[in-house]
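*Asks:* Compact mmCIF, C-alpha atoms, file my_file_7.txt:
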# COMPACT_ATOMS: atom_id res chain seq x y z
CA MET X 1321 13.43 -43.62 -44.08
CA ILE X 1322 9.81 -44.56 -44.76
CA GLY X 1323 8.68 -41.67 -42.58
CA MET X 1324 10.68 -39.15 -44.62
CA LYS X 1325 9.28 -40.47 -47.93
CA ARG X 1326 5.75 -40.21 -46.53
CA ILE X 1327 6.32 -36.60 -45.41
CA LEU X 1328 7.74 -35.65 -48.84
CA LEU X 1329 4.77 -37.29 -50.57
CA ILE X 1330 2.27 -35.45 -48.37
CA LEU X 1331 4.04 -32.12 -48.92
CA THR X 1332 4.14 -32.69 -52.68
CA LEU X 1333 0.43 -33.52 -52.76
CA LEU X 1334 -0.41 -30.52 -50.60
CA ILE X 1335 1.54 -28.15 -52.86
CA GLY X 1336 -0.17 -29.64 -55.93
CA VAL X 1337 -3.62 -29.14 -54.41
CA LEU X 1338 -2.84 -25.54 -53.46
CA LEU X 1339 -1.53 -24.75 -56.95
CA ALA X 1340 -4.53 -26.37 -58.62
CA ALA X 1341 -6.89 -24.31 -56.45
CA ALA X 1342 -5.07 -21.08 -57.37
CA VAL X 1343 -5.30 -21.58 -61.16
CA PRO X 1344 -8.72 -21.32 -62.83
CA ALA X 1345 -9.84 -24.48 -64.64
CA PHE X 1346 -10.51 -22.62 -67.91
CA ALA X 1347 -11.12 -19.16 -69.23
CA THR X 1348 -14.35 -18.49 -71.07
CA THR X 1349 -13.85 -16.97 -74.49
CA GLN X 1350 -16.54 -14.70 -75.83
CA GLY X 1351 -17.44 -13.95 -79.40
CA MET X 1352 -19.88 -11.77 -81.28
CA VAL X 1353 -22.02 -12.70 -84.26
CA THR X 1354 -20.70 -10.86 -87.32
CA GLY X 1355 -20.50 -11.22 -91.06
CA CYS X 1356 -24.20 -11.86 -91.64
CA ARG X 1357 -24.95 -11.73 -95.33
CA TRP X 1358 -28.58 -12.24 -94.48
CA TYR X 1359 -30.68 -10.86 -91.65
CA THR X 1360 -29.89 -13.76 -89.28
CA VAL X 1361 -27.51 -16.70 -88.87
CA ASN X 1362 -28.74 -20.16 -87.89
CA LEU X 1363 -27.67 -21.70 -84.60
CA ARG X 1364 -27.62 -25.48 -85.17
CA SER X 1365 -27.91 -28.56 -82.98
CA GLY X 1366 -24.60 -29.94 -84.30
CA PRO X 1367 -21.45 -28.87 -86.14
CA GLY X 1368 -22.75 -28.75 -89.70
CA THR X 1369 -25.50 -27.50 -91.98
CA GLY X 1370 -27.14 -30.93 -91.92
CA TYR X 1371 -28.16 -30.44 -88.29
CA ALA X 1372 -31.48 -28.93 -87.22
CA LYS X 1373 -31.85 -25.21 -86.61
CA VAL X 1374 -32.04 -24.42 -82.88
CA SER X 1375 -32.42 -20.64 -83.10
CA GLU X 1376 -31.65 -17.62 -85.26
CA LEU X 1377 -28.95 -15.18 -84.21
CA TYR X 1378 -28.79 -11.51 -85.12
CA GLN X 1379 -25.58 -9.66 -85.85
CA GLY X 1380 -24.13 -8.32 -82.61
CA TYR X 1381 -25.30 -11.16 -80.34
CA VAL X 1382 -22.69 -12.00 -77.70
CA LEU X 1383 -21.80 -15.68 -77.31
CA ASP X 1384 -19.76 -17.77 -74.88
CA ILE X 1385 -17.53 -20.16 -76.82
CA LEU X 1386 -17.81 -23.59 -75.19
CA GLY X 1387 -15.82 -25.67 -77.66
CA ARG X 1388 -14.80 -26.20 -81.26
CA LYS X 1389 -15.09 -28.97 -83.82
CA GLY X 1390 -13.47 -28.25 -87.15
CA SER X 1391 -14.82 -24.92 -88.43
CA TRP X 1392 -17.71 -24.85 -85.97
CA TYR X 1393 -17.95 -23.33 -82.49
CA LYS X 1394 -20.19 -24.73 -79.78
CA VAL X 1395 -21.68 -21.65 -78.14
CA GLU X 1396 -24.12 -20.44 -75.53
CA ILE X 1397 -26.09 -17.25 -76.14
CA VAL X 1398 -25.31 -14.52 -73.59
CA ASP X 1399 -27.86 -12.00 -74.92
CA PRO X 1400 -31.59 -12.74 -74.62
CA PRO X 1401 -32.71 -15.41 -75.22
CA GLU X 1402 -29.76 -16.40 -73.02
CA GLY X 1403 -28.91 -19.96 -72.09
CA ILE X 1404 -29.56 -21.52 -75.50
CA THR X 1405 -26.65 -23.62 -76.74
CA GLY X 1406 -25.83 -24.75 -80.24
CA TRP X 1407 -23.27 -24.63 -83.04
CA ILE X 1408 -22.32 -21.77 -85.37
CA HIS X 1409 -19.76 -21.64 -88.17
CA ARG X 1410 -16.65 -19.69 -87.16
CA LYS X 1411 -16.90 -17.32 -90.15
CA PHE X 1412 -19.88 -15.72 -88.38
CA VAL X 1413 -18.06 -15.17 -85.08
CA ALA X 1414 -15.54 -12.49 -84.15
CA LEU X 1415 -13.63 -13.53 -81.02
CA GLN X 1416 -13.31 -10.89 -78.33
If you took the structure in this file and wrote it as structure tokens, what would it be?

*Replies:*
Amino acid sequence: MIGMKRILLILTLLIGVLLAAAVPAFATTQGMVTGCRWYTVNLRSGPGTGYAKVSELYQGYVLDILGRKGSWYKVEIVDPPEGITGWIHRKFVALQ
């Protein structure tokens, strides 16, 4: 009886590992900077206007959305200068 339980446990674990390997961990969402009333939008070091400016983004920049906190998206710039991360208010981002 113990042998059968062990075999079932191993098979269950093996199926779980195979299914986990077949499903991607997460899908990256992209967005584009839009709705600029001014020439640029500030990319900030945290989710709020009280945080320091990291960079300025122009309308049309493509961003990878890494997370969200309230009305703010944590993003990484895809367009040059790529690789910079920061926070932008969602009203300036159109999800793609």

*Asks:* Using all atoms listed in the file, which of the listed residues (X:Val1361, X:Ala1414, X:Ile1330, X:Ile1397) sits closest to Asp1384 in chain X?

*Replies:*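 Of X:Val1361, X:Ala1414, X:Ile1330, X:Ile1397, the one nearest Asp1384 in chain X is X:Ile1397, counting all atoms listed in the file.
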
*Asks:* Within 9 Å of (-30.7, -22.7, -80.3), only C-alpha atoms: residues as a list of chain:residue names?

*Replies:* X:Asn1362, X:Leu1363, X:Arg1364, X:Ser1365, X:Lys1373, X:Val1374, X:Ser1375, X:Glu1376, X:Leu1377, X:Glu1396, X:Ile1397, X:Gly1403, X:Ile1404, X:Thr1405, X:Gly1406, X:Trp1407

*Asks:* Which protein, DNA or RNA residues have an atom at most 9 Å from (-20.4, -8.7, -81.7), counting all atoms listed in the file? List them as a PDB file with C-alpha atoms, in the coordinates of the input.

*Replies:*
ATOM      1  CA  GLY X1351     -17.440 -13.950 -79.400  1.00  0.00           C
ATOM      2  CA  MET X1352     -19.880 -11.770 -81.280  1.00  0.00           C
ATOM      3  CA  VAL X1353     -22.020 -12.700 -84.260  1.00  0.00           C
ATOM      4  CA  THR X1354     -20.700 -10.860 -87.320  1.00  0.00           C
ATOM      5  CA  GLN X1379     -25.580  -9.660 -85.850  1.00  0.00           C
ATOM      6  CA  GLY X1380     -24.130  -8.320 -82.610  1.00  0.00           C
ATOM      7  CA  TYR X1381     -25.300 -11.160 -80.340  1.00  0.00           C
ATOM      8  CA  VAL X1382     -22.690 -12.000 -77.700  1.00  0.00           C
ATOM      9  CA  LEU X1383     -21.800 -15.680 -77.310  1.00  0.00           C
ATOM     10  CA  VAL X1413     -18.060 -15.170 -85.080  1.00  0.00           C
ATOM     11  CA  ALA X1414     -15.540 -12.490 -84.150  1.00  0.00           C
ATOM     12  CA  LEU X1415     -13.630 -13.530 -81.020  1.00  0.00           C
ATOM     13  CA  GLN X1416     -13.310 -10.890 -78.330  1.00  0.00           C
TER      14      GLN X1416
END

*Asks:* Could you work out how far CA of Trp1392 in chain X lies from CA of Pro1367 in chain X, giving the answer in Å with one decimal?

*Replies:*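 Computing the Euclidean distance for CA of Pro1367 in chain X and CA of Trp1392 in chain X yields 5.5 Å.
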
*Asks:* Enter the distance from CA of Gly1366 in chain X to CA of Lys1394 in chain X, in Å, rounded to one decimal.

*Replies:*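 It comes out at 8.2 Å.
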
*Asks:* By how many Å are CA of Gly1387 in chain X and CA of His1409 in chain X apart?

*Replies:* 11.9 Å
